[in-house]
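*Asks:* This structure is in structure tokens; I'll ask about it shortly.
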Amino acid sequence: MWFTPNTLDDYGYVKGHYERRVARERKRKESGYYKAARKVNCLECGKEFTRLRKSGLYCTPRCGDNHRRKEKSKELYLPKPCLNCGIVFKPDRPRLNYCKYSCYRADYRKRKKVAGESYT
Ligand SMILES: [Zn+2]
Ligand SMILES: [Zn+2]
């Protein structure tokens, strides 16, 4: 659909949208939402900072990056069940899905066999 200047009738909707937003902001201010949300401790370094966005969790983007990287690597080394035998093992390198090499080989062969049916 091509928008012509006639569709500026939509302005009524846009205006209503804006008013709703203003009302919400006022409500938040009255309830102390902003005051409560302002001072938080950085999830990474623990330093207290004033957050600018509701979702702000870190004092700097760098702290956010560091934290996410740490969380991710923690996840990668979490004990998990071997995809072949089901034994829970601790991966000594990331993205390791099998407790030993022979399990990897066995599962690889299994997957190859059913490739035409379910495994994509
Ligand atoms: Zn920080
Ligand atoms: Zn295994």
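Chain labels A, B, ... are given in the sequence in which chains occur in the structure tokens; within each chain residues are numbered consecutively from 1, and ligands are likewise numbered from 1 in the order shown.
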Just want the residues within 8 Å of ligand 1, written as a PyMOL selection string, counting only C-alpha atoms and all ligand atoms.

*Replies:* chain A and resi 41-47+58-60+62-64

*Asks:* Considering only C-alpha atoms and all ligand atoms, tabulate each residue of chain A that lies at most 8 Å from ligand 2 along with its nearest interatomic pair and the corresponding distance in Å to one decimal; arrange the rows by chain and ascending residue number and present them as CSV.

*Replies:*
```
residue,atom,partner,partner_atom_place_in_ligand_line,distance
A:Pro81,CA,ligand 2,1 (Zn),7.8
A:Cys82,CA,ligand 2,1 (Zn),4.6
A:Leu83,CA,ligand 2,1 (Zn),6.6
A:Asn84,CA,ligand 2,1 (Zn),5.1
A:Cys85,CA,ligand 2,1 (Zn),4.2
A:Gly86,CA,ligand 2,1 (Zn),6.1
A:Ile87,CA,ligand 2,1 (Zn),5.8
A:Tyr98,CA,ligand 2,1 (Zn),5.2
A:Cys99,CA,ligand 2,1 (Zn),4.3
A:Lys100,CA,ligand 2,1 (Zn),5.7
A:Ser102,CA,ligand 2,1 (Zn),7.7
A:Cys103,CA,ligand 2,1 (Zn),4.7
A:Tyr104,CA,ligand 2,1 (Zn),7.5
```

*Asks:* Please provide the set of residues having any atom within 9 Å of Pro79 (chain A), restricted to only C-alpha atoms, with same-chain residues fewer than 2 positions apart removed, written as a PyMOL selection string.

*Replies:* chain A and resi 75-77+81+88-91

*Asks:* Work out how far CA of Arg38 (chain A) is from CA of Arg26 (chain A), in Å to one decimal.

*Replies:* 16.1 Å

*Asks:* CA of Arg21 (chain A) to CA of Gly56 (chain A): how many Å, to one decimal?

*Replies:*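 One can read the CA of Arg21 (chain A) to CA of Gly56 (chain A) distance as 20.4 Å.
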
*Asks:* Quick one: pull the distance between CA of Leu57 (chain A) and CA of Ser31 (chain A), Å, one decimal.

*Replies:*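 Between CA of Leu57 (chain A) and CA of Ser31 (chain A) the gap is 21.4 Å.
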
*Asks:* From the options A:Lys80, A:Lys27, A:Lys70, A:Arg53, which residue's atoms come nearest to Leu96 (chain A), counting only C-alpha atoms?

*Replies:*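 Of all the options, A:Lys80 lies closest to Leu96 (chain A).
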
*Asks:* Would you return as a ChimeraX atom specification the members of region 26-99 of chain A that DSSP assigns to alpha helix (DSSP H) on this structure's backbone?

*Replies:* /A:26-30,33-38,61-76
